[in-house]
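Asks: What follows is entry_21.tsv, TSV, N, CA and C atoms.
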chain	number	residue	atom	x	y	z
A	1	MET	N	-5.67	14.01	7.98
A	1	MET	CA	-6.72	13.42	8.75
A	1	MET	C	-6.11	12.88	10.03
A	2	ARG	N	-6.68	13.25	11.14
A	2	ARG	CA	-6.19	12.78	12.43
A	2	ARG	C	-7.33	12.08	13.15
A	3	GLY	N	-7.14	10.79	13.39
A	3	GLY	CA	-8.13	10.04	14.15
A	3	GLY	C	-8.00	10.36	15.63
A	4	GLU	N	-9.06	10.19	16.34
A	4	GLU	CA	-9.05	10.41	17.77
A	4	GLU	C	-9.48	9.12	18.46
A	5	GLY	N	-10.18	9.20	19.56
A	5	GLY	CA	-10.61	8.02	20.28
A	5	GLY	C	-11.51	7.12	19.45
A	6	GLY	N	-11.58	5.86	19.82
A	6	GLY	CA	-12.42	4.92	19.10
A	6	GLY	C	-11.69	4.32	17.92
A	7	SER	N	-12.45	3.77	17.01
A	7	SER	CA	-11.88	3.12	15.82
A	7	SER	C	-12.05	4.04	14.61
A	8	ASP	N	-10.94	4.48	14.05
A	8	ASP	CA	-10.96	5.42	12.92
A	8	ASP	C	-10.56	4.71	11.64
A	9	VAL	N	-11.30	4.98	10.56
A	9	VAL	CA	-11.06	4.37	9.26
A	9	VAL	C	-10.86	5.47	8.23
A	10	LEU	N	-9.78	5.36	7.45
A	10	LEU	CA	-9.54	6.27	6.34
A	10	LEU	C	-9.63	5.47	5.06
A	11	ASN	N	-10.60	5.81	4.20
A	11	ASN	CA	-10.78	5.16	2.91
A	11	ASN	C	-10.33	6.11	1.81
A	12	VAL	N	-9.42	5.65	0.96
A	12	VAL	CA	-8.95	6.43	-0.19
A	12	VAL	C	-9.39	5.68	-1.44
A	13	HIS	N	-10.32	6.26	-2.19
A	13	HIS	CA	-10.87	5.60	-3.38
A	13	HIS	C	-10.40	6.31	-4.64
A	14	ASP	N	-9.65	5.59	-5.45
A	14	ASP	CA	-9.23	6.09	-6.76
A	14	ASP	C	-9.76	5.13	-7.84
A	15	ALA	N	-10.72	4.28	-7.46
A	15	ALA	CA	-11.17	3.17	-8.30
A	15	ALA	C	-11.77	3.61	-9.63
A	16	GLY	N	-12.31	4.80	-9.73
A	16	GLY	CA	-12.89	5.26	-10.99
A	16	GLY	C	-11.89	5.89	-11.94
A	17	ASP	N	-10.66	6.03	-11.52
A	17	ASP	CA	-9.62	6.71	-12.30
A	17	ASP	C	-9.01	5.75	-13.31
A	18	THR	N	-9.09	6.09	-14.61
A	18	THR	CA	-8.51	5.25	-15.66
A	18	THR	C	-7.10	5.69	-16.03
A	19	THR	N	-6.63	6.79	-15.45
A	19	THR	CA	-5.29	7.31	-15.71
A	19	THR	C	-4.24	6.44	-15.02
A	20	ASP	N	-3.09	6.26	-15.67
A	20	ASP	CA	-1.98	5.55	-15.04
A	20	ASP	C	-1.38	6.46	-13.97
A	21	ASN	N	-1.43	6.03	-12.73
A	21	ASN	CA	-0.82	6.77	-11.63
A	21	ASN	C	0.52	6.12	-11.30
A	22	THR	N	1.59	6.79	-11.66
A	22	THR	CA	2.93	6.24	-11.39
A	22	THR	C	3.60	7.09	-10.33
A	23	GLY	N	4.38	6.45	-9.50
A	23	GLY	CA	5.12	7.19	-8.49
A	23	GLY	C	4.36	7.44	-7.21
A	24	ALA	N	3.24	6.75	-6.98
A	24	ALA	CA	2.52	6.90	-5.71
A	24	ALA	C	3.35	6.27	-4.60
A	25	VAL	N	3.33	6.91	-3.43
A	25	VAL	CA	4.13	6.45	-2.28
A	25	VAL	C	3.26	6.48	-1.03
A	26	LEU	N	3.32	5.38	-0.27
A	26	LEU	CA	2.66	5.30	1.02
A	26	LEU	C	3.71	5.20	2.10
A	27	THR	N	3.60	6.06	3.13
A	27	THR	CA	4.44	5.97	4.32
A	27	THR	C	3.52	5.84	5.52
A	28	SER	N	4.08	5.69	6.69
A	28	SER	CA	3.29	5.57	7.91
A	28	SER	C	2.56	6.85	8.28
A	29	ALA	N	2.79	7.94	7.53
A	29	ALA	CA	2.15	9.21	7.84
A	29	ALA	C	1.48	9.89	6.65
A	30	ALA	N	1.70	9.38	5.41
A	30	ALA	CA	1.14	10.07	4.25
A	30	ALA	C	1.02	9.15	3.04
A	31	LEU	N	0.09	9.51	2.15
A	31	LEU	CA	-0.07	8.87	0.85
A	31	LEU	C	0.02	9.96	-0.19
A	32	SER	N	0.95	9.82	-1.13
A	32	SER	CA	1.10	10.83	-2.18
A	32	SER	C	1.05	10.15	-3.54
A	33	GLY	N	0.72	10.94	-4.56
A	33	GLY	CA	0.74	10.46	-5.93
A	33	GLY	C	-0.60	9.99	-6.48
A	34	LEU	N	-1.62	9.91	-5.67
A	34	LEU	CA	-2.95	9.54	-6.16
A	34	LEU	C	-3.90	10.72	-6.24
A	35	SER	N	-3.54	11.83	-5.63
A	35	SER	CA	-4.37	13.02	-5.62
A	35	SER	C	-3.45	14.23	-5.83
A	36	PRO	N	-4.03	15.40	-6.10
A	36	PRO	CA	-3.19	16.58	-6.33
A	36	PRO	C	-2.26	16.91	-5.16
A	37	ALA	N	-2.69	16.61	-3.95
A	37	ALA	CA	-1.85	16.88	-2.77
A	37	ALA	C	-1.73	15.60	-1.96
A	38	ALA	N	-0.68	15.50	-1.17
A	38	ALA	CA	-0.49	14.34	-0.30
A	38	ALA	C	-1.61	14.30	0.74
A	39	ILE	N	-2.00	13.10	1.09
A	39	ILE	CA	-2.99	12.89	2.16
A	39	ILE	C	-2.20	12.47	3.39
A	40	THR	N	-2.21	13.31	4.41
A	40	THR	CA	-1.49	12.97	5.64
A	40	THR	C	-2.49	12.43	6.65
A	41	TYR	N	-2.01	11.52	7.49
A	41	TYR	CA	-2.90	10.90	8.47
A	41	TYR	C	-2.11	10.52	9.71
A	42	ALA	N	-2.84	10.35	10.81
A	42	ALA	CA	-2.23	9.92	12.07
A	42	ALA	C	-3.32	9.28	12.93
A	43	THR	N	-2.93	8.40	13.80
A	43	THR	CA	-3.80	7.68	14.73
A	43	THR	C	-5.06	7.14	14.06
A	44	VAL	N	-4.85	6.47	12.94
A	44	VAL	CA	-5.93	5.81	12.20
A	44	VAL	C	-5.75	4.31	12.37
A	45	GLU	N	-6.80	3.62	12.74
A	45	GLU	CA	-6.69	2.17	12.97
A	45	GLU	C	-6.78	1.36	11.68
A	46	ASP	N	-7.52	1.85	10.69
A	46	ASP	CA	-7.67	1.15	9.41
A	46	ASP	C	-7.48	2.12	8.26
A	47	LEU	N	-6.57	1.78	7.34
A	47	LEU	CA	-6.33	2.56	6.14
A	47	LEU	C	-6.62	1.66	4.95
A	48	ASN	N	-7.61	2.04	4.14
A	48	ASN	CA	-8.00	1.26	2.97
A	48	ASN	C	-7.75	2.08	1.71
A	49	ILE	N	-6.90	1.55	0.83
A	49	ILE	CA	-6.55	2.25	-0.41
A	49	ILE	C	-7.06	1.43	-1.58
A	50	HIS	N	-7.85	2.06	-2.45
A	50	HIS	CA	-8.39	1.40	-3.63
A	50	HIS	C	-7.78	2.09	-4.85
A	51	LEU	N	-6.90	1.38	-5.56
A	51	LEU	CA	-6.23	1.94	-6.72
A	51	LEU	C	-7.19	2.04	-7.90
A	52	GLY	N	-6.77	2.79	-8.93
A	52	GLY	CA	-7.60	3.03	-10.10
A	52	GLY	C	-7.53	1.92	-11.13
A	53	LEU	N	-8.19	2.16	-12.26
A	53	LEU	CA	-8.27	1.19	-13.34
A	53	LEU	C	-7.06	1.21	-14.26
A	54	GLY	N	-6.23	2.24	-14.16
A	54	GLY	CA	-5.04	2.36	-15.02
A	54	GLY	C	-3.91	1.46	-14.53
A	55	ASP	N	-2.77	1.58	-15.21
A	55	ASP	CA	-1.57	0.86	-14.82
A	55	ASP	C	-0.86	1.68	-13.74
A	56	ASP	N	-1.13	1.36	-12.50
A	56	ASP	CA	-0.65	2.16	-11.37
A	56	ASP	C	0.63	1.57	-10.78
A	57	SER	N	1.43	2.43	-10.18
A	57	SER	CA	2.57	1.96	-9.39
A	57	SER	C	2.48	2.61	-8.02
A	58	LEU	N	2.69	1.77	-7.00
A	58	LEU	CA	2.63	2.22	-5.61
A	58	LEU	C	3.80	1.62	-4.86
A	59	ARG	N	4.57	2.46	-4.20
A	59	ARG	CA	5.64	1.99	-3.33
A	59	ARG	C	5.16	2.17	-1.88
A	60	ILE	N	5.12	1.07	-1.15
A	60	ILE	CA	4.75	1.11	0.25
A	60	ILE	C	6.05	1.10	1.04
A	61	GLN	N	6.43	2.28	1.54
A	61	GLN	CA	7.71	2.43	2.23
A	61	GLN	C	7.63	2.08	3.70
A	62	SER	N	6.49	2.39	4.33
A	62	SER	CA	6.35	2.11	5.76
A	62	SER	C	4.87	2.09	6.12
A	63	THR	N	4.57	1.37	7.20
A	63	THR	CA	3.22	1.38	7.76
A	63	THR	C	3.34	1.56	9.26
A	64	GLU	N	2.30	2.10	9.84
A	64	GLU	CA	2.25	2.34	11.29
A	64	GLU	C	1.87	1.04	12.00
A	65	ALA	N	2.49	0.77	13.12
A	65	ALA	CA	2.24	-0.47	13.86
A	65	ALA	C	0.79	-0.60	14.30
A	66	THR	N	0.13	0.50	14.57
A	66	THR	CA	-1.24	0.46	15.07
A	66	THR	C	-2.28	0.62	13.96
A	67	THR	N	-1.85	0.60	12.70
A	67	THR	CA	-2.76	0.76	11.57
A	67	THR	C	-2.76	-0.49	10.71
A	68	ASP	N	-3.96	-1.06	10.49
A	68	ASP	CA	-4.12	-2.15	9.53
A	68	ASP	C	-4.31	-1.50	8.16
A	69	THR	N	-3.41	-1.83	7.22
A	69	THR	CA	-3.42	-1.21	5.89
A	69	THR	C	-3.84	-2.23	4.85
A	70	SER	N	-4.77	-1.84	3.99
A	70	SER	CA	-5.26	-2.69	2.92
A	70	SER	C	-5.14	-1.94	1.60
A	71	VAL	N	-4.55	-2.60	0.59
A	71	VAL	CA	-4.44	-2.02	-0.75
A	71	VAL	C	-5.18	-2.94	-1.71
A	72	ASP	N	-6.16	-2.40	-2.42
A	72	ASP	CA	-6.93	-3.15	-3.40
A	72	ASP	C	-6.71	-2.56	-4.77
A	73	ASP	N	-6.51	-3.44	-5.74
A	73	ASP	CA	-6.28	-3.04	-7.12
A	73	ASP	C	-7.57	-3.21	-7.90
A	74	ALA	N	-8.01	-2.16	-8.56
A	74	ALA	CA	-9.25	-2.23	-9.34
A	74	ALA	C	-9.03	-2.80	-10.73
A	75	GLY	N	-7.81	-2.91	-11.17
A	75	GLY	CA	-7.52	-3.42	-12.51
A	75	GLY	C	-6.25	-2.80	-13.04
A	76	GLY	N	-5.90	-3.15	-14.26
A	76	GLY	CA	-4.68	-2.63	-14.85
A	76	GLY	C	-3.49	-3.51	-14.53
A	77	ALA	N	-2.38	-3.20	-15.16
A	77	ALA	CA	-1.13	-3.93	-14.93
A	77	ALA	C	-0.32	-3.13	-13.92
A	78	ASP	N	-0.59	-3.35	-12.65
A	78	ASP	CA	-0.03	-2.54	-11.58
A	78	ASP	C	1.27	-3.13	-11.04
A	79	VAL	N	2.10	-2.24	-10.51
A	79	VAL	CA	3.33	-2.64	-9.83
A	79	VAL	C	3.25	-2.10	-8.42
A	80	ILE	N	3.28	-3.00	-7.44
A	80	ILE	CA	3.25	-2.62	-6.03
A	80	ILE	C	4.56	-3.08	-5.41
A	81	THR	N	5.35	-2.13	-4.96
A	81	THR	CA	6.65	-2.42	-4.38
A	81	THR	C	6.57	-2.17	-2.88
A	82	ILE	N	6.96	-3.16	-2.10
A	82	ILE	CA	6.93	-3.01	-0.64
A	82	ILE	C	8.36	-2.98	-0.15
A	83	SER	N	8.87	-1.79	0.10
A	83	SER	CA	10.21	-1.60	0.65
A	83	SER	C	10.40	-0.12	0.92
A	84	ASN	N	11.29	0.19	1.85
A	84	ASN	CA	11.56	1.60	2.12
A	84	ASN	C	12.57	2.13	1.11
A	85	ALA	N	13.01	3.35	1.29
A	85	ALA	CA	13.91	4.00	0.33
A	85	ALA	C	15.24	3.28	0.19
A	86	THR	N	15.63	2.50	1.20
A	86	THR	CA	16.89	1.76	1.13
A	86	THR	C	16.65	0.28	0.84
A	87	ASP	N	15.47	-0.04	0.29
A	87	ASP	CA	15.10	-1.40	-0.12
A	87	ASP	C	15.05	-2.38	1.04
A	88	LEU	N	14.57	-1.95	2.18
A	88	LEU	CA	14.41	-2.82	3.34
A	88	LEU	C	12.93	-2.93	3.71
A	89	LEU	N	12.57	-3.99	4.42
A	89	LEU	CA	11.19	-4.22	4.82
A	89	LEU	C	10.93	-3.86	6.29
A	90	HIS	N	11.94	-3.50	7.04
A	90	HIS	CA	11.76	-3.32	8.48
A	90	HIS	C	10.84	-2.16	8.85
A	91	SER	N	10.45	-1.34	7.90
A	91	SER	CA	9.55	-0.22	8.19
A	91	SER	C	8.08	-0.58	8.02
A	92	ILE	N	7.80	-1.84	7.66
A	92	ILE	CA	6.43	-2.32	7.58
A	92	ILE	C	6.08	-2.84	8.97
A	93	ASP	N	5.46	-1.99	9.77
A	93	ASP	CA	5.24	-2.30	11.18
A	93	ASP	C	3.85	-2.83	11.48
A	94	GLY	N	2.86	-2.49	10.66
A	94	GLY	CA	1.49	-2.95	10.90
A	94	GLY	C	1.08	-4.02	9.92
A	95	LEU	N	-0.12	-4.55	10.11
A	95	LEU	CA	-0.67	-5.54	9.19
A	95	LEU	C	-0.84	-4.90	7.82
A	96	LEU	N	-0.35	-5.56	6.79
A	96	LEU	CA	-0.45	-5.07	5.41
A	96	LEU	C	-1.05	-6.17	4.56
A	97	THR	N	-2.17	-5.88	3.89
A	97	THR	CA	-2.82	-6.81	2.99
A	97	THR	C	-2.90	-6.17	1.61
A	98	VAL	N	-2.45	-6.90	0.59
A	98	VAL	CA	-2.50	-6.42	-0.79
A	98	VAL	C	-3.35	-7.39	-1.59
A	99	ASP	N	-4.40	-6.88	-2.23
A	99	ASP	CA	-5.27	-7.67	-3.10
A	99	ASP	C	-5.00	-7.22	-4.52
A	100	GLY	N	-4.48	-8.14	-5.34
A	100	GLY	CA	-4.11	-7.81	-6.71
A	100	GLY	C	-5.25	-7.55	-7.66
A	101	GLY	N	-6.49	-7.69	-7.24
A	101	GLY	CA	-7.62	-7.37	-8.09
A	101	GLY	C	-8.48	-8.57	-8.39
A	102	PRO	N	-9.35	-8.44	-9.41
A	102	PRO	CA	-10.28	-9.51	-9.75
A	102	PRO	C	-9.56	-10.81	-10.09
A	103	GLY	N	-10.24	-11.92	-9.84
A	103	GLY	CA	-9.67	-13.23	-10.15
A	103	GLY	C	-8.99	-13.83	-8.95
A	104	SER	N	-8.03	-14.71	-9.21
A	104	SER	CA	-7.37	-15.45	-8.12
A	104	SER	C	-6.01	-14.86	-7.78
A	105	ASP	N	-5.84	-13.56	-7.87
A	105	ASP	CA	-4.54	-12.97	-7.63
A	105	ASP	C	-4.50	-12.11	-6.37
A	106	ALA	N	-5.25	-12.47	-5.38
A	106	ALA	CA	-5.17	-11.77	-4.09
A	106	ALA	C	-3.88	-12.16	-3.38
A	107	VAL	N	-3.23	-11.22	-2.76
A	107	VAL	CA	-1.97	-11.48	-2.07
A	107	VAL	C	-2.12	-11.02	-0.63
A	108	SER	N	-1.79	-11.90	0.31
A	108	SER	CA	-1.78	-11.46	1.71
A	108	SER	C	-0.43	-11.82	2.31
A	109	ASP	N	-0.27	-13.04	2.80
A	109	ASP	CA	1.02	-13.39	3.38
A	109	ASP	C	1.74	-14.48	2.60
A	110	THR	N	1.21	-14.83	1.45
A	110	THR	CA	1.91	-15.73	0.53
A	110	THR	C	1.82	-15.12	-0.85
A	111	ILE	N	2.77	-15.46	-1.70
A	111	ILE	CA	2.78	-14.92	-3.06
A	111	ILE	C	2.56	-16.06	-4.02
A	112	GLY	N	1.53	-15.95	-4.82
A	112	GLY	CA	1.25	-16.95	-5.84
A	112	GLY	C	1.42	-16.33	-7.21
A	113	ALA	N	0.95	-17.02	-8.20
A	113	ALA	CA	1.02	-16.50	-9.57
A	113	ALA	C	0.06	-15.32	-9.70
A	114	ILE	N	0.56	-14.23	-10.18
A	114	ILE	CA	-0.24	-13.02	-10.37
A	114	ILE	C	-0.15	-12.65	-11.84
A	115	PRO	N	-1.12	-13.07	-12.66
A	115	PRO	CA	-0.98	-12.95	-14.11
A	115	PRO	C	-0.90	-11.53	-14.66
A	116	HIS	N	-1.57	-10.55	-14.05
A	116	HIS	CA	-1.59	-9.21	-14.63
A	116	HIS	C	-0.96	-8.15	-13.74
A	117	ASP	N	-0.60	-8.50	-12.54
A	117	ASP	CA	-0.05	-7.55	-11.60
A	117	ASP	C	1.30	-8.05	-11.11
A	118	THR	N	2.11	-7.15	-10.63
A	118	THR	CA	3.42	-7.51	-10.12
A	118	THR	C	3.55	-7.01	-8.70
A	119	LEU	N	3.94	-7.89	-7.80
A	119	LEU	CA	4.21	-7.51	-6.43
A	119	LEU	C	5.68	-7.74	-6.18
A	120	LEU	N	6.42	-6.69	-5.85
A	120	LEU	CA	7.84	-6.79	-5.62
A	120	LEU	C	8.12	-6.64	-4.13
A	121	LEU	N	8.75	-7.65	-3.52
A	121	LEU	CA	9.18	-7.58	-2.13
A	121	LEU	C	10.69	-7.48	-2.12
A	122	SER	N	11.21	-6.58	-1.32
A	122	SER	CA	12.64	-6.41	-1.28
A	122	SER	C	13.14	-6.47	0.14
A	123	ASP	N	14.02	-7.42	0.42
A	123	ASP	CA	14.67	-7.51	1.72
A	123	ASP	C	16.17	-7.53	1.51
A	124	VAL	N	16.63	-6.93	0.41
A	124	VAL	CA	18.03	-6.92	0.03
A	124	VAL	C	18.83	-6.05	0.99
A	125	GLY	N	19.96	-6.54	1.42
A	125	GLY	CA	20.85	-5.74	2.27
A	125	GLY	C	20.51	-5.75	3.73
A	126	ASP	N	19.48	-6.48	4.12
A	126	ASP	CA	19.07	-6.52	5.51
A	126	ASP	C	19.61	-7.81	6.14
A	127	ALA	N	20.49	-7.70	7.11
A	127	ALA	CA	21.09	-8.88	7.73
A	127	ALA	C	20.19	-9.48	8.81
A	128	ALA	N	19.19	-8.73	9.27
A	128	ALA	CA	18.34	-9.23	10.34
A	128	ALA	C	17.28	-10.18	9.80
A	129	ASP	N	16.93	-11.18	10.60
A	129	ASP	CA	15.83	-12.08	10.23
A	129	ASP	C	14.52	-11.37	10.48
A	130	GLU	N	13.65	-11.38	9.48
A	130	GLU	CA	12.34	-10.75	9.62
A	130	GLU	C	11.25	-11.68	9.18
How would this structure read if it were set down as C-alpha cells?
Replies:
Amino acid sequence: MRGEGGSDVLNVHDAGDTTDNTGAVLTSAALSGLSPAAITYATVEDLNIHLGLGDDSLRIQSTEATTDTSVDDAGGADVITISNATDLLHSIDGLLTVDGGPGSDAVSDTIGAIPHDTLLLSDVGDAADE
C-alpha cells in the first residue's frame, strides 16, 4: 500500500482471529506474520494494527518518522517487544502507542502493571541517551 497526497490511513484488523500468531514483525516498511503475505506500505501517516484474540507475539523493530503507529490488543496473553534486531530502540522514529487491551492496561509513554500482557522494551547495548 502506498499513500499519496493528503492523510493516508492503513488499518490492519486481525481482531477476529483466535489463533495464536507468533513471530509477527513490524518494520518501517512492512508488517509480516499476521497474514499469509507481508503487508508492505510507504508514505502512510497513520498505521493502526489490531491484534487477534489469541496469544500473539509482535516485535516492533522500526517505525517511520512520518507515521503515527498504534497497536491494539484484542485479548489473549500477548508479548509485544519493541526493539530492532540488535535489541536497540533507535529505529523507533515515529509516534508509537501500544494499548494492551481491555481494562486498565493501556500503555503509551509509561509502563504500569499489565496483568495479562507483557510489554518488553530493550535499550541494551545502546550508549546513546534516548
Asks: Compute the distance from (0.5, 8.3, -9.3) to each atom, counting only C-alpha atoms, keep the residues with any atom at most 9 Å away, and return them as JSON, numbers by chain; use the coordinates of the file.
Replies: {"A": [19, 20, 21, 22, 23, 24, 25, 32, 33, 34, 35, 56, 57, 58]}
Asks: Residues near segment 6-15 of chain A, anyone? I mean within 9 Å using only C-alpha atoms, not counting same-chain ones fewer than 4 positions away, as a CSV table (one decimal) with N, CA and C atoms, keeping the file's coordinate frame.
Replies:
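Dumped everything to result_17.csv:
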chain,number,residue,atom,x,y,z
A,1,MET,N,-5.7,14.0,8.0
A,1,MET,CA,-6.7,13.4,8.8
A,1,MET,C,-6.1,12.9,10.0
A,2,ARG,N,-6.7,13.2,11.1
A,2,ARG,CA,-6.2,12.8,12.4
A,2,ARG,C,-7.3,12.1,13.2
A,34,LEU,N,-1.6,9.9,-5.7
A,34,LEU,CA,-3.0,9.5,-6.2
A,34,LEU,C,-3.9,10.7,-6.2
A,35,SER,N,-3.5,11.8,-5.6
A,35,SER,CA,-4.4,13.0,-5.6
A,35,SER,C,-3.4,14.2,-5.8
A,41,TYR,N,-2.0,11.5,7.5
A,41,TYR,CA,-2.9,10.9,8.5
A,41,TYR,C,-2.1,10.5,9.7
A,43,THR,N,-2.9,8.4,13.8
A,43,THR,CA,-3.8,7.7,14.7
A,43,THR,C,-5.1,7.1,14.1
A,44,VAL,N,-4.8,6.5,12.9
A,44,VAL,CA,-5.9,5.8,12.2
A,44,VAL,C,-5.8,4.3,12.4
A,45,GLU,N,-6.8,3.6,12.7
A,45,GLU,CA,-6.7,2.2,13.0
A,45,GLU,C,-6.8,1.4,11.7
A,46,ASP,N,-7.5,1.8,10.7
A,46,ASP,CA,-7.7,1.2,9.4
A,46,ASP,C,-7.5,2.1,8.3
A,47,LEU,N,-6.6,1.8,7.3
A,47,LEU,CA,-6.3,2.6,6.1
A,47,LEU,C,-6.6,1.7,5.0
A,48,ASN,N,-7.6,2.0,4.1
A,48,ASN,CA,-8.0,1.3,3.0
A,48,ASN,C,-7.8,2.1,1.7
A,49,ILE,N,-6.9,1.6,0.8
A,49,ILE,CA,-6.6,2.2,-0.4
A,49,ILE,C,-7.1,1.4,-1.6
A,50,HIS,N,-7.8,2.1,-2.4
A,50,HIS,CA,-8.4,1.4,-3.6
A,50,HIS,C,-7.8,2.1,-4.8
A,51,LEU,N,-6.9,1.4,-5.6
A,51,LEU,CA,-6.2,1.9,-6.7
A,51,LEU,C,-7.2,2.0,-7.9
A,52,GLY,N,-6.8,2.8,-8.9
A,52,GLY,CA,-7.6,3.0,-10.1
A,52,GLY,C,-7.5,1.9,-11.1
A,53,LEU,N,-8.2,2.2,-12.3
A,53,LEU,CA,-8.3,1.2,-13.3
A,53,LEU,C,-7.1,1.2,-14.3
A,73,ASP,N,-6.5,-3.4,-5.7
A,73,ASP,CA,-6.3,-3.0,-7.1
A,73,ASP,C,-7.6,-3.2,-7.9
A,74,ALA,N,-8.0,-2.2,-8.6
A,74,ALA,CA,-9.2,-2.2,-9.3
A,74,ALA,C,-9.0,-2.8,-10.7
A,75,GLY,N,-7.8,-2.9,-11.2
A,75,GLY,CA,-7.5,-3.4,-12.5
A,75,GLY,C,-6.2,-2.8,-13.0
Asks: If DSSP is run on the backbone, what residues of segment 9-96 of chain A are strand (DSSP E or B)? A reply as a ChimeraX atom specification would be ideal.
Replies: /A:9-13,24-26,30-32,39-40,42,46-50,57-60,63,68-72,79-82,92,96
Asks: Could you check how far atom N of Gly100 of chain A sits from atom C of Gly3 of chain A, in Å to one decimal?
Replies: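 About the pair atom N of Gly100 of chain A and atom C of Gly3 of chain A: they are 28.2 Å apart.
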Asks: What is the distance, in Å and to one decimal place, between atom CA of Asn84 of chain A and atom CA of Ile60 of chain A?
Replies: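 Between atom CA of Asn84 of chain A and atom CA of Ile60 of chain A the gap works out to 7.1 Å.
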Asks: Can I get a file of segment 17-23 of chain A from the given structure, all heavy atoms kept, as a CSV table (one decimal), in the first residue's frame?
Replies:
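Below is the file decode.csv, written as the result:
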chain,number,residue,atom,x,y,z
A,17,ASP,N,-9.4,-13.1,14.9
A,17,ASP,CA,-8.6,-14.3,14.8
A,17,ASP,C,-8.3,-14.8,16.2
A,17,ASP,O,-7.8,-14.1,17.0
A,17,ASP,CB,-7.3,-13.9,14.1
A,17,ASP,CG,-6.4,-15.1,13.8
A,17,ASP,OD1,-6.8,-16.3,14.1
A,17,ASP,OD2,-5.3,-14.9,13.3
A,18,THR,N,-8.7,-16.1,16.4
A,18,THR,CA,-8.5,-16.7,17.8
A,18,THR,C,-7.2,-17.5,17.8
A,18,THR,O,-6.8,-18.0,18.8
A,18,THR,CB,-9.7,-17.6,18.2
A,18,THR,OG1,-9.8,-18.6,17.1
A,18,THR,CG2,-10.9,-16.8,18.3
A,19,THR,N,-6.5,-17.6,16.6
A,19,THR,CA,-5.3,-18.4,16.5
A,19,THR,C,-4.1,-17.6,17.1
A,19,THR,O,-4.1,-16.3,17.0
A,19,THR,CB,-5.0,-18.6,15.0
A,19,THR,OG1,-6.1,-19.3,14.4
A,19,THR,CG2,-3.7,-19.5,14.9
A,20,ASP,N,-3.2,-18.3,17.8
A,20,ASP,CA,-2.0,-17.6,18.3
A,20,ASP,C,-1.1,-17.3,17.1
A,20,ASP,O,-0.7,-18.1,16.4
A,20,ASP,CB,-1.2,-18.6,19.3
A,20,ASP,CG,-2.0,-18.9,20.5
A,20,ASP,OD1,-3.1,-18.3,20.8
A,20,ASP,OD2,-1.6,-19.9,21.2
A,21,ASN,N,-0.9,-16.0,17.0
A,21,ASN,CA,0.1,-15.5,15.9
A,21,ASN,C,1.4,-15.2,16.6
A,21,ASN,O,1.5,-14.2,17.3
A,21,ASN,CB,-0.5,-14.3,15.2
A,21,ASN,CG,-1.7,-14.6,14.4
A,21,ASN,OD1,-1.7,-15.5,13.6
A,21,ASN,ND2,-2.8,-13.8,14.6
A,22,THR,N,2.4,-16.0,16.3
A,22,THR,CA,3.7,-15.8,16.9
A,22,THR,C,4.7,-15.5,15.8
A,22,THR,O,4.6,-15.9,14.7
A,22,THR,CB,4.2,-17.1,17.7
A,22,THR,OG1,4.2,-18.2,16.7
A,22,THR,CG2,3.3,-17.4,18.8
A,23,GLY,N,5.6,-14.6,16.1
A,23,GLY,CA,6.6,-14.2,15.2
A,23,GLY,C,6.2,-13.1,14.2
A,23,GLY,O,6.9,-12.9,13.2
